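Heads up, data.cif below (mmCIF, C-alpha atoms (C1' of nucleotides)):
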data_query
loop_
_atom_site.label_atom_id
_atom_site.label_comp_id
_atom_site.auth_asym_id
_atom_site.auth_seq_id
_atom_site.Cartn_x
_atom_site.Cartn_y
_atom_site.Cartn_z
CA MET A 1 16.43 -17.17 50.68
CA ASP A 2 13.57 -15.56 48.86
CA LEU A 3 10.52 -17.74 48.76
CA PRO A 4 8.01 -16.74 46.13
CA VAL A 5 4.67 -16.11 47.78
CA ILE A 6 1.27 -15.63 46.26
CA GLY A 7 0.20 -12.42 48.01
CA GLU A 8 -1.46 -9.37 46.51
CA GLN A 9 0.01 -6.22 45.02
CA PRO A 10 1.24 -3.51 47.37
CA SER A 11 -1.61 -1.20 46.39
CA GLU A 12 -4.88 -2.29 44.88
CA ARG A 13 -7.78 -0.07 44.08
CA ALA A 14 -10.73 -0.59 46.38
CA ASP A 15 -13.16 -1.52 43.62
CA ALA A 16 -10.64 -3.93 42.15
CA ALA A 17 -10.18 -5.63 45.51
CA LEU A 18 -13.92 -5.98 45.89
CA ASN A 19 -14.22 -7.54 42.48
CA ARG A 20 -11.39 -9.92 43.20
CA THR A 21 -13.05 -11.27 46.31
CA ARG A 22 -16.38 -11.43 44.51
CA ILE A 23 -14.83 -13.48 41.74
CA LEU A 24 -13.05 -15.81 44.12
CA SER A 25 -16.11 -16.56 46.17
CA ALA A 26 -18.24 -17.01 43.07
CA ALA A 27 -15.69 -19.48 41.75
CA LYS A 28 -15.52 -21.36 45.04
CA LYS A 29 -19.28 -21.55 45.20
CA LEU A 30 -19.77 -22.79 41.66
CA PHE A 31 -16.89 -25.27 41.84
CA ALA A 32 -18.42 -26.72 44.97
CA GLU A 33 -21.96 -26.76 43.59
CA ARG A 34 -21.47 -28.31 40.18
CA GLY A 35 -17.82 -29.31 39.91
CA ILE A 36 -15.12 -27.38 38.18
CA SER A 37 -15.42 -29.03 34.79
CA CYS A 38 -19.07 -28.00 34.55
CA THR A 39 -18.33 -24.39 35.45
CA SER A 40 -17.60 -22.02 32.59
CA MET A 41 -15.72 -18.78 32.98
CA ASP A 42 -18.84 -16.99 31.77
CA ALA A 43 -20.83 -18.52 34.60
CA ILE A 44 -18.27 -17.40 37.17
CA ALA A 45 -18.28 -13.86 35.80
CA ALA A 46 -22.08 -13.80 35.88
CA GLU A 47 -22.28 -15.20 39.40
CA ALA A 48 -19.74 -12.62 40.55
CA GLY A 49 -21.72 -9.86 38.86
CA VAL A 50 -18.71 -8.85 36.83
CA GLY A 51 -17.78 -8.69 33.15
CA LYS A 52 -15.77 -11.37 31.50
CA GLY A 53 -12.96 -8.96 30.71
CA THR A 54 -12.57 -8.18 34.39
CA LEU A 55 -12.32 -11.82 35.27
CA PHE A 56 -9.58 -12.48 32.74
CA ARG A 57 -7.77 -9.25 33.55
CA ARG A 58 -7.48 -10.30 37.17
CA PHE A 59 -6.64 -13.94 36.76
CA GLY A 60 -5.22 -14.36 33.30
CA ASP A 61 -6.68 -17.76 32.61
CA ARG A 62 -8.68 -20.64 33.97
CA ALA A 63 -5.70 -22.46 35.44
CA THR A 64 -4.54 -19.44 37.39
CA LEU A 65 -8.02 -18.86 38.75
CA ALA A 66 -8.22 -22.45 39.87
CA LEU A 67 -4.93 -22.08 41.67
CA ALA A 68 -6.02 -18.83 43.29
CA VAL A 69 -9.04 -20.60 44.75
CA LEU A 70 -6.65 -22.89 46.59
CA ASP A 71 -4.52 -20.05 47.85
CA ASP A 72 -5.63 -20.36 51.46
CA SER A 73 -4.76 -24.00 51.95
CA GLU A 74 -1.52 -23.55 50.05
CA ARG A 75 -0.51 -20.71 52.35
CA GLU A 76 -1.27 -22.90 55.31
CA LEU A 77 0.85 -25.76 53.98
CA GLN A 78 3.75 -23.44 53.27
CA ASP A 79 3.51 -22.05 56.75
CA ASP A 80 3.58 -25.52 58.26
CA LEU A 81 6.64 -26.40 56.21
CA LEU A 82 8.56 -23.38 57.44
CA ARG A 83 7.33 -22.93 60.96
CA GLY A 84 5.06 -25.82 61.91
CA PRO A 85 5.82 -28.67 64.30
CA PRO A 86 7.97 -31.59 63.13
CA PRO A 87 8.04 -33.77 61.18
CA LEU A 88 6.40 -31.42 58.65
CA GLY A 89 8.21 -28.39 60.03
CA PRO A 90 11.87 -28.10 61.02
CA GLY A 91 13.35 -30.38 63.69
CA ALA A 92 12.95 -33.87 62.29
CA PRO A 93 15.47 -35.77 60.16
CA PRO A 94 15.16 -34.97 56.45
CA CYS A 95 13.81 -38.38 55.44
CA GLU A 96 10.93 -38.07 57.84
CA ARG A 97 10.23 -34.54 56.75
CA ILE A 98 10.09 -35.67 53.13
CA ILE A 99 7.63 -38.40 53.98
CA ALA A 100 5.52 -36.00 56.01
CA PHE A 101 5.54 -33.57 53.10
CA GLY A 102 4.39 -36.31 50.76
CA GLU A 103 1.55 -37.25 53.04
CA ALA A 104 0.45 -33.65 53.41
CA MET A 105 0.44 -33.26 49.65
CA LEU A 106 -1.55 -36.45 49.20
CA ASP A 107 -4.11 -35.19 51.69
CA ALA A 108 -4.34 -31.92 49.80
CA LEU A 109 -4.78 -33.82 46.54
CA GLU A 110 -7.52 -35.93 48.04
CA LEU A 111 -9.43 -32.75 48.87
CA ASN A 112 -8.75 -30.75 45.75
CA SER A 113 -7.74 -33.08 42.97
CA GLU A 114 -10.34 -31.82 40.55
CA ILE A 115 -9.22 -28.23 40.85
CA LEU A 116 -5.57 -29.19 40.71
CA VAL A 117 -6.04 -31.20 37.56
CA GLU A 118 -7.61 -28.17 35.98
CA ALA A 119 -4.64 -26.08 37.03
CA GLU A 120 -2.30 -28.65 35.57
CA ARG A 121 -4.04 -28.94 32.26
CA ARG A 122 -2.71 -25.79 30.64
CA GLY A 123 0.75 -26.88 31.74
CA GLY A 124 1.09 -23.95 34.07
CA LEU A 125 1.06 -25.82 37.35
CA ILE A 126 4.44 -27.45 37.04
CA ASP A 127 6.18 -24.10 37.06
CA SER A 128 3.73 -22.19 39.28
CA ALA A 129 4.70 -20.31 42.40
CA PRO A 130 3.45 -22.95 44.87
CA ARG A 131 5.12 -25.71 42.95
CA ARG A 132 8.39 -23.83 42.99
CA VAL A 133 8.15 -23.57 46.74
CA HIS A 134 7.53 -27.28 47.05
CA ARG A 135 10.42 -28.01 44.75
CA LEU A 136 12.83 -25.85 46.70
CA HIS A 137 11.72 -27.32 50.00
CA LEU A 138 12.17 -30.87 48.79
CA ARG A 139 15.45 -30.07 47.11
CA ASN A 140 16.94 -28.77 50.33
CA LEU A 141 15.80 -31.79 52.29
CA LEU A 142 17.13 -34.12 49.64
CA ALA A 143 20.50 -32.43 49.52
CA GLU A 144 20.67 -32.74 53.27
CA ALA A 145 19.73 -36.40 53.29
CA ASP A 146 21.97 -37.39 50.40
CA PRO A 147 24.60 -34.83 49.44
CA GLU A 148 26.01 -37.17 46.79
CA GLY A 149 22.89 -37.62 44.68
CA ASP A 150 21.57 -35.43 41.85
CA SER A 151 19.07 -33.62 44.05
CA ASP A 152 17.59 -31.58 41.23
CA TYR A 153 16.70 -34.71 39.35
CA LEU A 154 15.48 -36.63 42.38
CA VAL A 155 13.16 -33.77 43.26
CA ASP A 156 11.25 -34.36 40.06
CA VAL A 157 11.09 -38.07 40.79
CA LEU A 158 9.63 -37.48 44.22
CA LEU A 159 7.20 -34.84 42.96
CA GLY A 160 5.90 -37.12 40.23
CA PRO A 161 3.62 -39.25 42.41
CA LEU A 162 2.30 -36.01 43.93
CA SER A 163 1.17 -34.57 40.63
CA PRO A 164 -2.59 -34.31 40.15
CA SER A 165 -2.92 -36.36 36.99
CA ILE A 166 -0.94 -39.29 38.38
CA PHE A 167 -2.82 -39.07 41.66
CA ILE A 168 -6.17 -39.18 39.89
CA PHE A 169 -5.06 -42.13 37.82
CA GLU A 170 -3.95 -44.11 40.84
CA ARG A 171 -6.95 -43.18 42.86
CA GLU A 172 -9.75 -43.53 40.32
CA ILE A 173 -8.57 -45.79 37.55
CA ALA A 174 -6.17 -48.05 39.40
CA GLU A 175 -8.47 -47.80 42.43
CA MET A 176 -5.73 -47.59 45.04
CA ASP A 177 -6.83 -46.14 48.35
CA LEU A 178 -5.21 -43.17 50.02
CA GLY A 179 -3.47 -45.28 52.65
CA ARG A 180 -1.80 -47.36 50.01
CA LEU A 181 -0.51 -44.27 48.25
CA LYS A 182 0.92 -42.95 51.51
CA ASP A 183 2.57 -46.27 52.31
CA GLY A 184 3.91 -46.49 48.79
CA TYR A 185 5.33 -43.01 49.01
CA ALA A 186 7.03 -43.65 52.34
CA ASP A 187 8.47 -46.87 50.95
CA LEU A 188 9.70 -45.02 47.88
CA VAL A 189 11.47 -42.38 49.96
CA ASP A 190 13.02 -45.12 52.00
CA ARG A 191 14.26 -46.95 48.94
CA VAL A 192 15.65 -43.86 47.30
CA LEU A 193 17.41 -42.48 50.36
CA ARG A 194 18.26 -45.58 52.27
CA MET B 195 -1.79 -62.41 27.80
CA ASP B 196 -3.69 -60.02 25.58
CA LEU B 197 -1.76 -56.88 24.80
CA PRO B 198 -3.93 -54.04 23.55
CA VAL B 199 -2.71 -52.96 20.14
CA ILE B 200 -3.57 -49.91 18.11
CA GLY B 201 -4.47 -51.56 14.78
CA GLU B 202 -7.43 -50.87 12.53
CA GLN B 203 -10.89 -52.38 12.40
CA PRO B 204 -11.32 -55.76 10.71
CA SER B 205 -13.18 -54.23 7.77
CA GLU B 206 -12.93 -50.62 6.70
CA ARG B 207 -14.60 -49.12 3.73
CA ALA B 208 -12.19 -48.11 1.00
CA ASP B 209 -13.16 -44.43 1.02
CA ALA B 210 -12.81 -44.33 4.78
CA ALA B 211 -9.35 -45.85 4.61
CA LEU B 212 -8.29 -43.31 2.02
CA ASN B 213 -9.54 -40.45 4.16
CA ARG B 214 -7.77 -41.83 7.18
CA THR B 215 -4.40 -41.86 5.49
CA ARG B 216 -5.06 -38.46 3.99
CA ILE B 217 -5.80 -37.05 7.42
CA LEU B 218 -2.76 -38.65 8.99
CA SER B 219 -0.36 -37.38 6.39
CA ALA B 220 -1.90 -33.93 6.46
CA ALA B 221 -1.47 -33.87 10.24
CA LYS B 222 2.13 -35.08 10.05
CA LYS B 223 2.93 -32.49 7.43
CA LEU B 224 1.39 -29.55 9.28
CA PHE B 225 2.81 -30.59 12.65
CA ALA B 226 6.25 -30.71 11.08
CA GLU B 227 5.83 -27.44 9.20
CA ARG B 228 4.46 -25.17 11.86
CA GLY B 229 4.43 -27.08 15.12
CA ILE B 230 1.48 -28.79 16.65
CA SER B 231 0.29 -25.92 18.81
CA CYS B 232 -0.06 -23.69 15.75
CA THR B 233 -2.06 -26.29 13.84
CA SER B 234 -5.82 -26.15 14.20
CA MET B 235 -8.09 -29.07 13.52
CA ASP B 236 -9.75 -26.98 10.79
CA ALA B 237 -6.40 -26.58 9.08
CA ILE B 238 -5.77 -30.31 9.15
CA ALA B 239 -9.18 -31.05 7.70
CA ALA B 240 -8.63 -28.49 4.96
CA GLU B 241 -5.15 -29.77 4.12
CA ALA B 242 -6.53 -33.32 3.96
CA GLY B 243 -9.37 -32.16 1.71
CA VAL B 244 -11.93 -33.54 4.12
CA GLY B 245 -14.74 -32.13 6.24
CA LYS B 246 -14.32 -31.42 9.89
CA GLY B 247 -16.94 -33.98 10.80
CA THR B 248 -14.94 -36.69 9.08
CA LEU B 249 -11.83 -35.78 10.98
CA PHE B 250 -13.56 -35.94 14.33
CA ARG B 251 -15.51 -39.06 13.43
CA ARG B 252 -12.27 -40.89 12.72
CA PHE B 253 -10.15 -39.64 15.56
CA GLY B 254 -12.49 -38.44 18.25
CA ASP B 255 -10.39 -35.55 19.46
CA ARG B 256 -7.15 -33.72 19.12
CA ALA B 257 -5.27 -35.83 21.65
CA THR B 258 -6.21 -39.08 19.91
CA LEU B 259 -5.14 -37.71 16.55
CA ALA B 260 -1.80 -36.67 17.99
CA LEU B 261 -1.30 -40.14 19.34
CA ALA B 262 -2.28 -41.74 16.03
CA VAL B 263 0.43 -39.73 14.30
CA LEU B 264 2.97 -41.46 16.52
CA ASP B 265 1.54 -44.89 15.88
CA ASP B 266 4.46 -46.08 13.75
CA SER B 267 7.21 -45.38 16.23
CA GLU B 268 5.08 -46.72 19.07
CA ARG B 269 4.56 -49.99 17.20
CA GLU B 270 8.28 -50.22 16.66
CA LEU B 271 9.02 -49.70 20.34
CA GLN B 272 6.47 -52.31 21.36
CA ASP B 273 7.98 -54.73 18.94
CA ASP B 274 11.45 -54.16 20.33
CA LEU B 275 10.16 -54.73 23.84
CA LEU B 276 8.63 -58.07 22.96
CA ARG B 277 10.99 -59.44 20.35
CA GLY B 278 14.00 -57.14 20.01
CA PRO B 279 17.55 -57.82 21.20
CA PRO B 280 18.42 -57.43 24.88
CA PRO B 281 18.58 -55.41 26.99
CA LEU B 282 15.42 -53.82 25.56
CA GLY B 283 13.99 -57.17 24.51
CA PRO B 284 13.94 -60.42 26.49
CA GLY B 285 17.13 -61.98 27.73
CA ALA B 286 18.68 -59.42 30.03
CA PRO B 287 18.12 -59.14 33.79
CA PRO B 288 15.01 -57.12 34.66
CA CYS B 289 16.89 -54.15 36.11
CA GLU B 290 18.79 -53.64 32.91
CA ARG B 291 15.69 -54.04 30.84
CA ILE B 292 13.95 -51.38 32.90
CA ILE B 293 16.82 -48.98 32.40
CA ALA B 294 16.89 -49.73 28.67
CA PHE B 295 13.15 -49.10 28.52
CA GLY B 296 13.58 -45.76 30.27
CA GLU B 297 16.27 -44.71 27.85
CA ALA B 298 14.19 -45.70 24.85
CA MET B 299 11.28 -43.70 26.21
CA LEU B 300 13.49 -40.69 26.83
CA ASP B 301 14.75 -40.88 23.25
CA ALA B 302 11.18 -41.04 22.01
CA LEU B 303 10.29 -38.04 24.15
CA GLU B 304 13.21 -36.08 22.80
CA LEU B 305 11.89 -36.61 19.29
CA ASN B 306 8.19 -36.13 19.92
CA SER B 307 7.71 -34.23 23.13
CA GLU B 308 5.53 -31.57 21.58
CA ILE B 309 3.07 -34.06 20.18
CA LEU B 310 3.09 -36.10 23.37
CA VAL B 311 2.35 -33.08 25.52
CA GLU B 312 -0.63 -32.40 23.33
CA ALA B 313 -1.80 -35.96 23.78
CA GLU B 314 -1.38 -35.63 27.52
CA ARG B 315 -3.24 -32.37 27.85
CA ARG B 316 -6.75 -33.73 27.67
CA GLY B 317 -5.75 -36.30 30.26
CA GLY B 318 -6.21 -39.14 27.82
CA LEU B 319 -2.60 -40.22 27.50
CA ILE B 320 -2.22 -41.69 30.94
CA ASP B 321 -4.80 -44.37 30.22
CA SER B 322 -4.21 -44.75 26.49
CA ALA B 323 -3.45 -48.04 24.77
CA PRO B 324 0.29 -47.46 24.38
CA ARG B 325 0.62 -46.31 27.93
CA ARG B 326 -1.17 -49.43 29.14
CA VAL B 327 1.32 -51.55 27.27
CA HIS B 328 4.22 -49.70 28.83
CA ARG B 329 2.66 -50.07 32.23
CA LEU B 330 2.17 -53.78 31.87
CA HIS B 331 5.67 -54.28 30.54
CA LEU B 332 7.22 -52.38 33.42
CA ARG B 333 5.00 -54.04 35.96
CA ASN B 334 6.14 -57.48 34.92
CA LEU B 335 9.78 -56.53 35.02
CA LEU B 336 9.34 -54.92 38.42
CA ALA B 337 7.57 -57.92 39.85
CA GLU B 338 10.39 -60.08 38.59
CA ALA B 339 13.10 -57.85 40.02
CA ASP B 340 11.41 -57.33 43.37
CA PRO B 341 8.54 -59.71 44.15
CA GLU B 342 8.11 -58.16 47.61
CA GLY B 343 7.41 -54.58 46.55
CA ASP B 344 4.12 -52.95 45.55
CA SER B 345 4.78 -53.27 41.81
CA ASP B 346 1.61 -51.49 40.80
CA TYR B 347 2.60 -48.44 42.76
CA LEU B 348 6.25 -48.51 41.74
CA VAL B 349 5.23 -48.64 38.10
CA ASP B 350 3.69 -45.21 38.44
CA VAL B 351 6.79 -43.92 40.16
CA LEU B 352 9.03 -45.15 37.36
CA LEU B 353 6.67 -43.86 34.66
CA GLY B 354 6.52 -40.40 36.20
CA PRO B 355 9.88 -39.16 34.93
CA LEU B 356 8.92 -40.51 31.50
CA SER B 357 5.77 -38.44 31.25
CA PRO B 358 5.82 -35.66 28.66
CA SER B 359 5.07 -32.73 30.94
CA ILE B 360 7.79 -33.64 33.42
CA PHE B 361 10.23 -34.33 30.60
CA ILE B 362 9.56 -30.92 29.06
CA PHE B 363 10.00 -29.25 32.40
CA GLU B 364 13.33 -30.91 33.06
CA ARG B 365 14.57 -30.38 29.56
CA GLU B 366 13.44 -26.83 28.87
CA ILE B 367 12.88 -25.08 32.17
CA ALA B 368 15.39 -26.85 34.39
CA GLU B 369 17.69 -27.11 31.36
CA MET B 370 18.97 -30.59 32.05
CA ASP B 371 20.44 -32.35 29.05
CA LEU B 372 19.30 -35.71 27.79
CA GLY B 373 22.35 -37.55 29.12
CA ARG B 374 21.69 -36.29 32.61
CA LEU B 375 18.12 -37.50 32.45
CA LYS B 376 19.27 -40.94 31.34
CA ASP B 377 21.89 -41.11 34.08
CA GLY B 378 19.36 -39.92 36.62
CA TYR B 379 16.88 -42.54 35.53
CA ALA B 380 19.41 -45.36 35.68
CA ASP B 381 20.46 -44.19 39.13
CA LEU B 382 16.83 -44.07 40.21
CA VAL B 383 16.17 -47.62 39.07
CA ASP B 384 19.29 -48.70 40.87
CA ARG B 385 18.21 -47.02 44.10
CA VAL B 386 14.70 -48.36 43.96
CA LEU B 387 15.61 -51.95 43.14
CA ARG B 388 18.97 -52.32 44.75
"C1'" DA C 389 -27.40 -55.36 -12.66
"C1'" DG C 390 -30.31 -53.53 -9.16
"C1'" DC C 391 -31.56 -52.83 -4.54
"C1'" DA C 392 -31.39 -52.21 0.56
"C1'" DT C 393 -28.80 -50.69 4.07
"C1'" DA C 394 -25.40 -49.42 7.00
"C1'" DA C 395 -21.38 -46.79 7.00
"C1'" DG C 396 -19.38 -42.69 5.92
"C1'" DC C 397 -19.34 -37.73 4.80
"C1'" DG C 398 -19.11 -32.67 5.44
"C1'" DG C 399 -20.17 -28.29 6.71
"C1'" DA C 400 -23.42 -25.54 9.49
"C1'" DC C 401 -23.75 -24.91 14.19
"C1'" DC C 402 -22.67 -24.49 19.23
"C1'" DA C 403 -20.05 -23.58 23.55
"C1'" DT C 404 -16.38 -21.66 25.62
"C1'" DG C 405 -11.75 -19.84 26.56
"C1'" DG C 406 -9.59 -15.78 25.74
"C1'" DT C 407 -8.80 -10.73 23.58
"C1'" DC C 408 -9.69 -5.86 22.92
"C1'" DC C 409 -10.77 -1.26 23.53
"C1'" DA C 410 -13.86 2.66 24.36
"C1'" DG C 411 -15.81 4.38 28.26
"C1'" DT C 412 -15.64 4.87 33.42
"C1'" DT C 413 -13.87 5.70 37.93
"C1'" DA C 414 -10.91 5.65 41.98
"C1'" DC C 415 -6.99 7.88 43.59
"C1'" DC C 416 -3.57 11.61 44.28
"C1'" DG C 417 -1.56 16.04 44.35
"C1'" DA C 418 -2.46 20.90 44.38
"C1'" DT D 419 -12.71 20.85 45.83
"C1'" DC D 420 -11.17 19.78 41.55
"C1'" DG D 421 -8.55 18.13 37.49
"C1'" DG D 422 -5.33 14.76 35.49
"C1'" DT D 423 -4.18 10.22 35.02
"C1'" DA D 424 -3.56 5.57 35.34
"C1'" DA D 425 -5.99 1.66 36.38
"C1'" DC D 426 -10.20 -0.76 36.01
"C1'" DT D 427 -14.49 -2.35 33.74
"C1'" DG D 428 -17.57 -4.95 30.76
"C1'" DG D 429 -19.43 -6.80 26.91
"C1'" DA D 430 -18.83 -7.30 21.94
"C1'" DC D 431 -15.89 -10.04 19.35
"C1'" DC D 432 -12.77 -13.85 17.74
"C1'" DA D 433 -10.73 -18.54 17.21
"C1'" DT D 434 -11.15 -23.11 17.79
"C1'" DG D 435 -12.43 -27.67 19.61
"C1'" DG D 436 -16.18 -30.50 19.17
"C1'" DT D 437 -21.30 -31.99 17.86
"C1'" DC D 438 -25.14 -32.99 14.78
"C1'" DC D 439 -27.80 -34.58 11.17
"C1'" DG D 440 -29.49 -34.79 6.41
"C1'" DC D 441 -27.27 -36.40 2.27
"C1'" DT D 442 -24.17 -39.66 -0.30
"C1'" DT D 443 -22.06 -43.93 -1.42
"C1'" DA D 444 -19.68 -48.34 -0.97
"C1'" DT D 445 -20.80 -52.91 -0.31
"C1'" DG D 446 -23.02 -57.34 -0.10
"C1'" DC D 447 -27.03 -59.92 -1.38
"C1'" DT D 448 -30.26 -61.69 -4.79
#

Write-out of the structure in structure tokens:
Amino acid sequence: MDLPVIGEQPSERADAALNRTRILSAAKKLFAERGISCTSMDAIAAEAGVGKGTLFRRFGDRATLALAVLDDSERELQDDLLRGPPPLGPGAPPCERIIAFGEAMLDALELNSEILVEAERRGGLIDSAPRRVHRLHLRNLLAEADPEGDSDYLVDVLLGPLSPSIFIFEREIAEMDLGRLKDGYADLVDRVLR
Amino acid sequence: MDLPVIGEQPSERADAALNRTRILSAAKKLFAERGISCTSMDAIAAEAGVGKGTLFRRFGDRATLALAVLDDSERELQDDLLRGPPPLGPGAPPCERIIAFGEAMLDALELNSEILVEAERRGGLIDSAPRRVHRLHLRNLLAEADPEGDSDYLVDVLLGPLSPSIFIFEREIAEMDLGRLKDGYADLVDRVLR
DNA sequence: AGCATAAGCGGACCATGGTCCAGTTACCGA
DNA sequence: TCGGTAACTGGACCATGGTCCGCTTATGCT
């Protein structure tokens, strides 16, 4: 099975690599300082000491850059899913792994919701590399837990409450706390797979 | 209970009313002709024979305008929910009404997904007036069907697969047909409320 | 009818995401 | 070491969503 991973090109020119790291740390810094929605692409390019064309050549657009900033934690999550201790990693029954996955995602959202919303805005997130990994992971667990059901459809159902815009709504407008979202998710998985 | 409705102000100057309808029909026409993503706000203002300032004064932003274009069909849906024949309207058991609601929403998405995605993009859709009505409607049915559950959370779960971006993904990228989405939704409701 | 006033109007203006391409430079093979 | 080349760079440029504010006009009151 060939998991898509985010890594870099096989060969990258030294100056290009330097610029990439400069851009990424500039973006991280500015996002942290003033929030992502108050940070223009111009400002990131300036902070990185790089031209705007370079920035867009490397990252394509704002959403992709936002996602790239989260690359580290995404890598870590993916690693835990494949090789970490149960119930997140292999070894636990599928239901429990699904719930653990949901909780891990909710924790990640709690930390990075602003950036993730930005990534979602252009519509690119839903079919991005990390999301495809999540989808595949969940799909396999679902098929294992309930071979009869329409796993491909249920995947989308179970990913819904883990999408940034819904999370933000629940958290900030509906004012539900994180514990309630985790309980709700576990209950949902239980209802769907019982 | 006070349902938010989309209607107009109590008093509206005649010239303003004229401009509003001009803008709405210009938008409808251009959306239909060339698709919403190829229609700039400038173009709509020009087609309506109105200044850009007027357009934005009346509708605030692109997402709101998109939503206003769908006002008619939204009104119709709301009316069916409150006063139409069962199972969409009152009279059927809550489970069936929820499924009927889901199917009606999926039909609406099939017709207007492009416009709805646009409305969603700015993040405004999730807390818009129509969405609040849908949420309230579903919440009441859910509470009736399952007084024990966390209705407020489950509402978001059941609205997820009815959100434009997920619908588009399932329909165009995952290539599921409309019937499959309806079956999946009915099955989901059954699993959650069984 | 005439006036006062608040509402409405429109286009100049701004910020920003994204594109383009002429010039530059790192890399590789000889 | 050196030349060819493909990749990289950066900032001028464009399109477009959205704001602002001085001017216009409908409306209601007398």

Within 9 Å of range 400-403 of chain C, counting all atoms listed in the file, which residues qualify if same-chain residues fewer than 5 places away don't, as number ranges by chain?
D: 436-438

Contacts from chain D to chain A, 8 Å maximum, all atoms listed in the file: show me the residue list as a CSV table (one decimal) with C-alpha atoms (C1' of nucleotides), keeping the file's coordinate frame.
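This is the output file out.csv:
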chain,number,residue,atom,x,y,z
D,426,DC,C1',-10.2,-0.8,36.0
D,427,DT,C1',-14.5,-2.4,33.7
D,428,DG,C1',-17.6,-5.0,30.8
D,429,DG,C1',-19.4,-6.8,26.9

Which distance in Å separates CA of Glu47 in chain A and C1' of DT407 in chain C, to one decimal?
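These two atoms are separated by 21.3 Å.
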
Taking all atoms listed in the file into account, which residues of chain B are within 6 Å of chain A, as a PyMOL selection string?
chain B and resi 315+354+385-386

Residues matched by the PyMOL selection byres ((chain C) within 10 of (chain B)) as JSON, numbers by chain
{"C": [395, 396, 397, 398, 399]}

Name every residue that the PyMOL selection byres ((chain C and resi 393) around 12) selects in this structure, writing the answer as an MDAnalysis selection string with chains first and numbers rising.
(chainID C and resid 391:392 394:395) or (chainID D and resid 443:447)

Just the number, please: distance in Å from CA of Ala68 in chain A to CA of Ile99 in chain A, one decimal.
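CA of Ala68 in chain A sits 26.1 Å away from CA of Ile99 in chain A.
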
Work out how far apart CA of His331 in chain B and CA of Val263 in chain B are and give it in Å to one decimal.
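About the pair CA of His331 in chain B and CA of Val263 in chain B: they are 22.4 Å apart.
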
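For the structure shown here, the set of residues caught by the PyMOL selection byres ((chain A and resi 83-91) around 12) is Arg75, Glu76, Leu77, Gln78, Asp79, Asp80, Leu81, Leu82, Ala92, Pro93, Pro94, Cys95, Glu96, Arg97, Ile98, Ile99, Ala100, Phe101, Gly102, Glu103, Ala104, Met105, His137, Leu138, Asn140 and Leu141 of chain A.
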